[in-house]
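Dumped input-v2.txt below, it's compact mmCIF, C-alpha atoms:
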```
# COMPACT_ATOMS: atom_id res chain seq x y z
CA MET A 203 184.11 81.87 145.13
CA ALA A 204 181.32 79.48 144.20
CA SER A 205 181.90 79.65 140.44
CA ASP A 206 185.58 78.75 140.92
CA ARG A 207 184.83 75.51 142.76
CA LYS A 208 186.33 72.53 140.97
CA THR A 209 184.92 69.63 143.01
CA ALA A 210 181.26 68.59 143.21
CA HIS A 211 179.30 69.99 146.15
CA LEU A 212 175.78 69.06 147.22
CA PRO A 213 174.16 72.25 148.59
CA GLY A 214 172.22 71.40 151.77
CA GLU A 215 170.99 68.07 153.11
CA GLU A 216 170.24 65.11 150.83
CA GLY A 217 166.76 65.06 152.41
CA ILE A 218 165.88 68.53 151.12
CA TRP A 219 166.73 67.40 147.58
CA LEU A 220 164.48 64.35 147.97
CA PHE A 221 161.67 66.72 148.97
CA VAL A 222 162.47 69.14 146.11
CA ILE A 223 162.38 66.40 143.45
CA GLY A 224 159.17 64.94 144.96
CA ASP A 225 157.50 68.37 144.98
CA MET A 226 158.57 69.02 141.38
CA VAL A 227 157.01 65.71 140.30
CA MET A 228 153.80 66.40 142.29
CA PHE A 229 153.39 69.86 140.75
CA THR A 230 154.09 68.48 137.26
CA ALA A 231 151.25 65.98 137.77
CA LEU A 232 148.93 68.82 138.88
CA PHE A 233 149.96 70.94 135.87
CA ALA A 234 149.31 67.98 133.54
CA ILE A 235 145.87 67.37 135.09
CA MET A 236 145.05 71.06 134.63
CA LEU A 237 146.04 70.94 130.94
CA HIS A 238 143.93 67.79 130.52
CA TYR A 239 140.88 69.66 131.88
CA ARG A 240 141.78 72.62 129.67
CA SER A 241 141.70 70.41 126.56
CA LYS A 242 138.06 69.55 127.39
CA ASN A 243 137.02 73.18 128.12
CA LEU A 244 139.14 75.36 125.82
CA GLU A 245 136.60 78.19 125.63
CA VAL A 246 136.01 78.31 129.41
CA PHE A 247 139.76 78.28 130.15
CA GLY A 248 140.45 80.92 127.46
CA ALA A 249 137.78 83.31 128.78
CA ALA A 250 138.68 82.75 132.46
CA HIS A 251 142.44 83.19 131.84
CA ARG A 252 141.72 86.69 130.45
CA LEU A 253 140.13 87.66 133.80
CA LEU A 254 143.47 87.33 135.63
CA ASP A 255 145.49 90.49 136.31
CA GLN A 256 148.78 89.90 134.47
CA ARG A 257 150.31 93.02 136.04
CA LEU A 258 150.01 91.54 139.54
CA GLY A 259 151.44 88.26 138.21
CA LEU A 260 154.39 90.14 136.70
CA VAL A 261 155.07 92.01 139.96
CA ASN A 262 154.96 88.74 141.91
CA THR A 263 157.35 87.14 139.40
CA ALA A 264 159.79 90.03 139.83
CA LEU A 265 159.52 89.62 143.63
CA MET A 266 160.18 85.86 143.44
CA LEU A 267 163.20 86.27 141.12
CA SER A 268 164.62 89.08 143.25
CA SER A 269 164.17 87.10 146.48
CA SER A 270 165.96 84.14 144.87
CA TRP A 271 168.85 86.44 143.94
CA CYS A 272 168.96 87.70 147.55
CA VAL A 273 169.07 84.12 148.89
CA ALA A 274 171.73 82.97 146.37
CA THR A 275 173.84 86.03 147.25
CA ALA A 276 173.28 85.42 150.99
CA VAL A 277 174.77 81.91 150.62
CA ARG A 278 177.69 83.37 148.70
CA SER A 279 178.32 86.06 151.30
CA ALA A 280 178.20 83.52 154.15
CA ARG A 281 180.88 81.44 152.39
CA THR A 282 183.16 84.46 152.34
CA GLY A 283 182.47 85.33 155.97
CA ARG A 284 180.30 88.41 155.35
CA PHE A 285 177.58 87.42 157.80
CA ALA A 286 176.05 90.90 158.19
CA ALA A 287 175.36 90.91 154.44
CA THR A 288 173.95 87.36 154.72
CA ARG A 289 171.54 88.49 157.43
CA ALA A 290 170.43 91.60 155.49
CA LEU A 291 169.92 89.63 152.27
CA LEU A 292 167.85 86.94 154.02
CA ILE A 293 165.63 89.62 155.60
CA ALA A 294 165.24 91.29 152.17
CA ALA A 295 164.24 87.92 150.67
CA ALA A 296 161.73 87.32 153.48
CA LEU A 297 160.24 90.78 152.85
CA CYS A 298 159.81 89.85 149.18
CA GLY A 299 158.00 86.69 150.36
CA ILE A 300 155.68 88.75 152.62
CA LEU A 301 154.96 91.21 149.77
CA PHE A 302 154.25 88.29 147.43
CA ALA A 303 151.70 86.90 149.91
CA CYS A 304 150.06 90.36 150.33
CA ILE A 305 149.70 90.75 146.55
CA LYS A 306 148.27 87.24 146.29
CA TYR A 307 145.74 88.16 148.99
CA ILE A 308 144.75 91.32 147.07
CA GLU A 309 144.40 89.29 143.87
CA TRP A 310 142.22 86.62 145.49
CA ALA A 311 140.09 89.26 147.28
CA GLU A 312 139.45 91.05 143.95
CA LYS A 313 138.38 87.79 142.31
CA ILE A 314 136.11 86.76 145.18
CA LYS A 315 134.57 90.25 145.31
CA VAL A 316 133.34 89.90 141.71
CA GLY A 317 132.03 86.39 142.35
CA LEU A 318 134.95 84.36 140.98
CA ASN A 319 135.77 81.47 143.33
CA PRO A 320 136.91 77.82 143.13
CA THR A 321 133.36 76.69 142.28
CA THR A 322 132.98 79.16 139.35
CA ASN A 323 134.56 76.81 136.78
CA ASP A 324 137.44 74.35 136.34
CA PHE A 325 139.93 77.13 135.52
CA PHE A 326 139.29 78.96 138.78
CA MET A 327 139.28 75.68 140.69
CA PHE A 328 142.84 75.08 139.45
CA TYR A 329 143.80 78.76 139.85
CA PHE A 330 142.86 78.86 143.55
CA ALA A 331 144.16 75.34 144.30
CA LEU A 332 147.56 75.73 142.59
CA THR A 333 148.25 79.28 143.77
CA GLY A 334 147.00 78.23 147.24
CA ILE A 335 149.39 75.25 147.49
CA HIS A 336 152.17 77.52 146.21
CA LEU A 337 151.28 80.19 148.78
CA VAL A 338 151.67 77.61 151.58
CA HIS A 339 155.21 77.04 150.24
CA VAL A 340 155.84 80.82 150.25
CA VAL A 341 154.69 81.15 153.88
CA ILE A 342 156.82 78.18 155.04
CA GLY A 343 159.81 79.49 153.06
CA THR A 344 159.44 82.99 154.50
CA VAL A 345 159.38 81.63 158.06
CA VAL A 346 162.51 79.56 157.26
CA LEU A 347 164.29 82.64 155.84
CA ILE A 348 163.46 84.69 158.97
CA PHE A 349 164.69 81.82 161.14
CA LEU A 350 167.92 81.56 159.09
CA SER A 351 168.51 85.33 159.33
CA LYS A 352 168.82 84.85 163.11
CA THR A 353 171.67 82.33 162.71
CA ARG A 354 174.65 82.93 165.00
CA TRP A 355 177.78 82.44 162.93
CA ALA A 356 180.07 81.86 165.93
CA GLN A 357 181.63 78.80 164.29
CA GLY A 358 181.96 80.49 160.88
CA ALA A 359 180.52 79.11 157.63
CA ARG A 360 181.08 75.47 158.50
CA GLY A 361 179.19 72.26 159.25
CA ASN A 362 175.51 72.25 160.14
CA THR A 363 175.12 76.04 160.17
CA MET A 364 176.15 76.35 156.52
CA ARG A 365 174.25 73.21 155.55
CA ASN A 366 171.05 74.60 157.12
CA LEU A 367 171.44 77.83 155.16
CA GLU A 368 171.97 75.89 151.92
CA SER A 369 168.93 73.67 152.63
CA GLY A 370 166.71 76.70 153.29
CA ALA A 371 168.05 78.40 150.16
CA THR A 372 167.33 75.29 148.08
CA PHE A 373 163.73 75.23 149.33
CA TRP A 374 163.28 78.93 148.51
CA HIS A 375 164.58 78.45 144.96
CA LEU A 376 162.06 75.60 144.56
CA VAL A 377 159.29 78.07 145.53
CA ASP A 378 160.67 80.44 142.86
CA LEU A 379 160.85 77.88 140.06
CA LEU A 380 157.36 76.52 140.75
CA TRP A 381 156.02 80.07 140.47
CA ILE A 382 157.82 80.53 137.13
CA VAL A 383 155.88 77.58 135.64
CA LEU A 384 152.62 78.56 137.40
CA PHE A 385 152.87 82.11 136.07
CA ALA A 386 153.37 80.85 132.51
CA LEU A 387 150.55 78.29 132.72
CA LEU A 388 147.90 80.40 134.44
CA TYR A 389 148.65 83.97 133.35
CA LEU A 390 150.63 83.92 130.12
CA VAL A 391 149.66 81.06 127.79
CA PRO A 392 146.77 82.20 125.61
CA MET B 115 183.33 94.33 148.99
CA SER B 116 179.95 95.46 147.70
CA GLU B 117 181.15 95.07 144.09
CA ARG B 118 182.06 91.45 144.64
CA LEU B 119 178.62 90.71 146.10
CA VAL B 120 176.58 92.65 143.57
CA LEU B 121 178.46 92.39 140.26
CA THR B 122 178.32 88.62 140.08
CA ARG B 123 177.21 85.79 137.83
CA GLN B 124 174.01 85.50 139.95
CA THR B 125 173.19 89.15 139.25
CA LEU B 126 173.58 88.56 135.51
CA VAL B 127 171.27 85.52 135.81
CA TRP B 128 168.71 87.61 137.75
CA ALA B 129 168.74 90.28 135.00
CA LEU B 130 168.38 87.57 132.32
CA LEU B 131 165.43 86.01 134.19
CA LEU B 132 163.68 89.40 134.42
CA GLY B 133 164.34 89.91 130.69
CA PHE B 134 162.93 86.47 129.83
CA THR B 135 159.83 87.31 131.91
CA ILE B 136 159.15 90.45 129.84
CA VAL B 137 159.79 88.55 126.58
CA SER B 138 157.38 85.77 127.73
CA TRP B 139 154.71 88.35 128.50
CA ALA B 140 155.16 89.91 125.04
CA ILE B 141 155.04 86.50 123.32
CA GLY B 142 151.79 85.71 125.18
CA HIS B 143 150.24 88.73 123.44
CA THR B 144 151.60 87.88 119.97
CA HIS B 145 150.26 85.57 117.29
CA PHE B 146 152.79 83.60 115.26
CA ALA B 147 151.86 81.76 112.06
CA TRP B 148 154.65 79.19 112.45
CA ILE B 149 154.41 78.22 116.12
CA SER B 150 151.98 78.30 119.05
CA SER B 151 152.87 81.30 121.22
CA GLY B 152 151.64 79.35 124.29
CA ALA B 153 154.12 76.54 123.59
CA LEU B 154 156.88 79.13 123.19
CA VAL B 155 155.94 80.70 126.56
CA LEU B 156 156.09 77.26 128.23
CA VAL B 157 159.51 76.44 126.72
CA LEU B 158 160.81 79.85 127.84
CA ALA B 159 159.47 79.16 131.37
CA PHE B 160 161.56 75.97 131.50
CA VAL B 161 164.61 77.85 130.17
CA LYS B 162 164.14 80.16 133.19
CA VAL B 163 163.73 77.12 135.46
CA THR B 164 167.01 75.72 134.08
CA PHE B 165 168.81 78.93 135.04
CA VAL B 166 167.32 78.85 138.56
CA VAL B 167 168.29 75.18 139.04
CA ARG B 168 171.83 75.47 137.66
CA GLU B 169 172.81 78.89 138.96
CA PHE B 170 170.73 79.77 142.05
CA MET B 171 170.36 76.18 143.33
CA GLU B 172 174.04 75.61 142.38
CA VAL B 173 173.30 72.34 140.60
CA ARG B 174 176.05 73.11 138.07
CA HIS B 175 178.52 72.33 140.91
CA ALA B 176 176.47 69.42 142.30
CA PRO B 177 177.17 65.67 142.01
CA LEU B 178 176.27 64.01 138.71
CA TRP B 179 173.20 62.19 140.11
CA LEU B 180 171.56 65.52 141.01
CA LYS B 181 172.41 67.08 137.64
CA PHE B 182 170.87 64.02 136.00
CA LEU B 183 167.68 64.01 138.13
CA THR B 184 166.97 67.74 137.80
CA GLY B 185 167.89 67.74 134.09
CA THR B 186 165.58 64.79 133.43
CA TRP B 187 162.72 66.50 135.27
CA ILE B 188 163.17 69.71 133.28
CA VAL B 189 163.14 67.90 129.91
CA VAL B 190 160.27 65.50 130.75
CA ALA B 191 158.05 68.13 132.44
CA CYS B 192 158.62 70.66 129.64
CA ALA B 193 157.88 68.09 126.90
CA LEU B 194 154.80 66.76 128.73
CA LEU B 195 153.27 70.20 129.29
CA VAL B 196 154.03 71.42 125.74
CA ILE B 197 152.52 68.24 124.23
CA LEU B 198 149.40 68.44 126.42
CA TYR B 199 149.02 72.15 125.61
CA THR B 200 149.49 71.87 121.84
CA ASN B 201 147.35 68.71 121.50
CA ALA B 202 144.35 70.66 122.76
CA LEU B 203 144.74 73.45 120.16
```

Write-out of the structure in structure tokens:
Amino acid sequence: MASDRKTAHLPGEEGIWLFVIGDMVMFTALFAIMLHYRSKNLEVFGAAHRLLDQRLGLVNTALMLSSSWCVATAVRSARTGRFAATRALLIAAALCGILFACIKYIEWAEKIKVGLNPTTNDFFMFYFALTGIHLVHVVIGTVVLIFLSKTRWAQGARGNTMRNLESGATFWHLVDLLWIVLFALLYLVP
Amino acid sequence: MSERLVLTRQTLVWALLLGFTIVSWAIGHTHFAWISSGALVLVLAFVKVTFVVREFMEVRHAPLWLKFLTGTWIVVACALLVILYTNAL
């Protein structure tokens, strides 16, 4: 059981962690630049923020958190040899990713339909850019999850097979945590 | 078998994260005299991030250098964003 482990364990490849830390730093810089622009246009940002549909943001947050749970539980089930459960949980997580992307498409389409696009103002420039970069992560992550669900566990939960699953899981959790901050910054802060 | 997969620490964390999300949403619609609700929402977002990093990404079992790097990022990013947000108020 993962929580009983006494010795340190690096989940996945070192390289994935290098990417994760680099991505976290890059997104932090983008968030900081957005807040800098906000400080110069408080009224524009305040009015534009109120045009976002918080309900869709909440549903997408629930999807992201649930998919992360599925992926964390998939890793746990693989470690205990329950590979059918691993496969089902990875497919469930990928479905959450697909639903997330569909809702994001609906949200963008609604905005564009009423004339709100990246050129409308600085807020919407950041809204489309940040959610767009994040959506690219969601699409890549979903493809990785589908790929991982097809893993043949002939050798059991050992070596590269397990390490690949852990690396993919780590990337998916990164997608989740970036959304948590994005959701707070774009949808929730008044 | 299903109990051991479903009734786990990760499930508790998932429920907590959903709860924090609802609380954050409520705080975003509330005005406090003593603190900026936006700053509170940002801090709560990084509390959620800490749970994801430690529990879902399994950093609580990871080598010290990874605990240090991720912990440093959480503290620095949270402080930076809260300062930039509150300075503009």

Listing only residues of chain A within 6 Å of chain B, what is the closest atom pair and its distance in Å (to one decimal) for each, using all atoms listed in the file, sorted by chain and residue number ascending, as CSV?
```
residue,atom,partner,partner_atom,distance
A:Ala210,CA,B:Ala176,CA,4.9
A:His211,CA,B:Ala176,CA,4.8
A:Leu212,CA,B:Ala176,CA,5.0
A:Ser241,CA,B:Ala202,CA,4.6
A:Ala274,CA,B:Phe170,CA,5.5
A:Thr372,CA,B:Met171,CA,5.7
A:Leu379,CA,B:Val163,CA,5.5
A:Val383,CA,B:Ala159,CA,5.8
A:Leu390,CA,B:Gly142,CA,5.4
A:Val391,CA,B:Gly152,CA,4.4
A:Pro392,CA,B:Gly152,CA,5.8
```

Find the smallest box with edges along x, y and z containing every listed atom of stretch 349-359 of chain A, then add 5 Å on each side and report centre and edge lengths in Å to one decimal, as JSON.
```
{"center_x": 173.3, "center_y": 82.1, "center_z": 161.8, "size_x": 27.3, "size_y": 16.5, "size_z": 18.3}
```

Can you work out the spacing between atom CA of A:Gly283 and atom CA of A:Glu368 in Å, to one decimal?
14.7 Å

Shortest interatomic distance to B:Lys181 - which of B:Arg168, B:Val137, B:Phe146, B:Val161, counting only C-alpha atoms
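Between B:Arg168, B:Val137, B:Phe146, B:Val161, the residue approaching B:Lys181 most closely is B:Arg168.
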
Point-to-point distance in Å for atom CA of A:Thr230 and atom CA of A:Gly343
20.1 Å

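Closest approach to A:Leu384 among A:His251, A:His336, A:Lys315, A:Arg281: A:His336, based on only C-alpha atoms.
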
Pick from A:Ala294, A:Ile223, A:Ala250, A:Ala234 nearest to A:Asn319, counting all atoms listed in the file
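Once distances to A:Asn319 are computed over all atoms listed in the file, the minimum belongs to A:Ala250.
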
List the neighbours of A:Val345 out to 12 Å using only C-alpha atoms; skip same-chain residues closer than 3 positions along the sequence, and give me the result as JSON, numbers by chain.
{"A": [292, 293, 295, 296, 297, 299, 300, 338, 339, 340, 341, 342, 348, 349, 350, 351, 352, 370, 373, 374]}

Name all residues at most 10 Å from A:Leu388 (count only C-alpha atoms; drop same-chain ones fewer than 3 positions away) and give them as a ChimeraX atom specification.
/A:233,236,247,250-252,254,256,259,325-326,328-329,332-333,383-385,391-392

Could you pull the residues within 12 Å of A:Thr282, counting only C-alpha atoms, minus those fewer than 4 positions along the same chain, as number ranges by chain?
A: 203-204, 275-278, 286-288, 358-360, 364; B: 115, 118-119

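Atom CA of A:Trp271 is found 22.9 Å from atom CA of A:Leu220.
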
Got a sec to check which residues sit within 9 Å of (165.5, 73.0, 150.6), counting only C-alpha atoms, and write them as a PyMOL selection string?
chain A and resi 213-215+217-219+221-222+343+366-376

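Among the candidate residues A:Gly361, A:Leu253, A:Leu337, A:Arg354, the one lying nearest to A:Glu312 is A:Leu253, with distances computed using all atoms listed in the file.
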
From the set A:Lys306, A:Thr344, A:Asn262, A:Val316, which residue has the shortest atom-to-atom contact distance to A:Phe330, counting all atoms listed in the file?
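Once distances to A:Phe330 are computed over all atoms listed in the file, the minimum belongs to A:Lys306.
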
Could you please fill out stretch 173-197 of chain B with N, CA and C atoms and send it back as a compact mmCIF listing (two decimals), in the coordinates of the input?
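Contents of the output file part.txt:
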```txt
# COMPACT_ATOMS: atom_id res chain seq x y z
N VAL B 173 173.22 73.73 141.08
CA VAL B 173 173.30 72.34 140.60
C VAL B 173 174.45 72.17 139.60
N ARG B 174 174.92 73.28 139.01
CA ARG B 174 176.05 73.11 138.07
C ARG B 174 177.32 72.67 138.80
N HIS B 175 177.37 72.82 140.14
CA HIS B 175 178.52 72.33 140.91
C HIS B 175 178.18 71.04 141.67
N ALA B 176 176.95 70.54 141.49
CA ALA B 176 176.47 69.42 142.30
C ALA B 176 176.94 68.07 141.73
N PRO B 177 176.81 67.00 142.52
CA PRO B 177 177.17 65.67 142.01
C PRO B 177 176.33 65.30 140.78
N LEU B 178 176.89 64.39 139.99
CA LEU B 178 176.27 64.01 138.71
C LEU B 178 174.82 63.53 138.87
N TRP B 179 174.54 62.76 139.97
CA TRP B 179 173.20 62.19 140.11
C TRP B 179 172.14 63.29 140.23
N LEU B 180 172.53 64.42 140.85
CA LEU B 180 171.56 65.52 141.01
C LEU B 180 171.39 66.29 139.70
N LYS B 181 172.49 66.45 138.97
CA LYS B 181 172.41 67.08 137.64
C LYS B 181 171.50 66.25 136.75
N PHE B 182 171.65 64.92 136.82
CA PHE B 182 170.87 64.02 136.00
C PHE B 182 169.38 64.08 136.37
N LEU B 183 169.08 64.00 137.68
CA LEU B 183 167.68 64.01 138.13
C LEU B 183 166.97 65.32 137.78
N THR B 184 167.61 66.44 138.07
CA THR B 184 166.97 67.74 137.80
C THR B 184 166.86 67.97 136.28
N GLY B 185 167.91 67.58 135.55
CA GLY B 185 167.89 67.74 134.09
C GLY B 185 166.78 66.90 133.46
N THR B 186 166.63 65.68 133.95
CA THR B 186 165.58 64.79 133.43
C THR B 186 164.21 65.39 133.71
N TRP B 187 164.02 65.90 134.94
CA TRP B 187 162.72 66.50 135.27
C TRP B 187 162.41 67.68 134.35
N ILE B 188 163.40 68.53 134.12
CA ILE B 188 163.17 69.71 133.28
C ILE B 188 162.73 69.28 131.87
N VAL B 189 163.45 68.33 131.28
CA VAL B 189 163.14 67.90 129.91
C VAL B 189 161.78 67.21 129.85
N VAL B 190 161.53 66.27 130.78
CA VAL B 190 160.27 65.50 130.75
C VAL B 190 159.07 66.42 131.04
N ALA B 191 159.18 67.26 132.08
CA ALA B 191 158.05 68.13 132.44
C ALA B 191 157.76 69.11 131.32
N CYS B 192 158.81 69.70 130.73
CA CYS B 192 158.62 70.66 129.64
C CYS B 192 157.94 69.97 128.45
N ALA B 193 158.46 68.81 128.06
CA ALA B 193 157.88 68.09 126.90
C ALA B 193 156.43 67.71 127.18
N LEU B 194 156.16 67.19 128.37
CA LEU B 194 154.80 66.76 128.73
C LEU B 194 153.82 67.94 128.65
N LEU B 195 154.18 69.06 129.25
CA LEU B 195 153.27 70.20 129.29
C LEU B 195 153.08 70.80 127.89
N VAL B 196 154.16 70.87 127.10
CA VAL B 196 154.03 71.42 125.74
C VAL B 196 153.15 70.49 124.90
N ILE B 197 153.33 69.19 125.02
CA ILE B 197 152.52 68.24 124.23
C ILE B 197 151.04 68.35 124.64
```
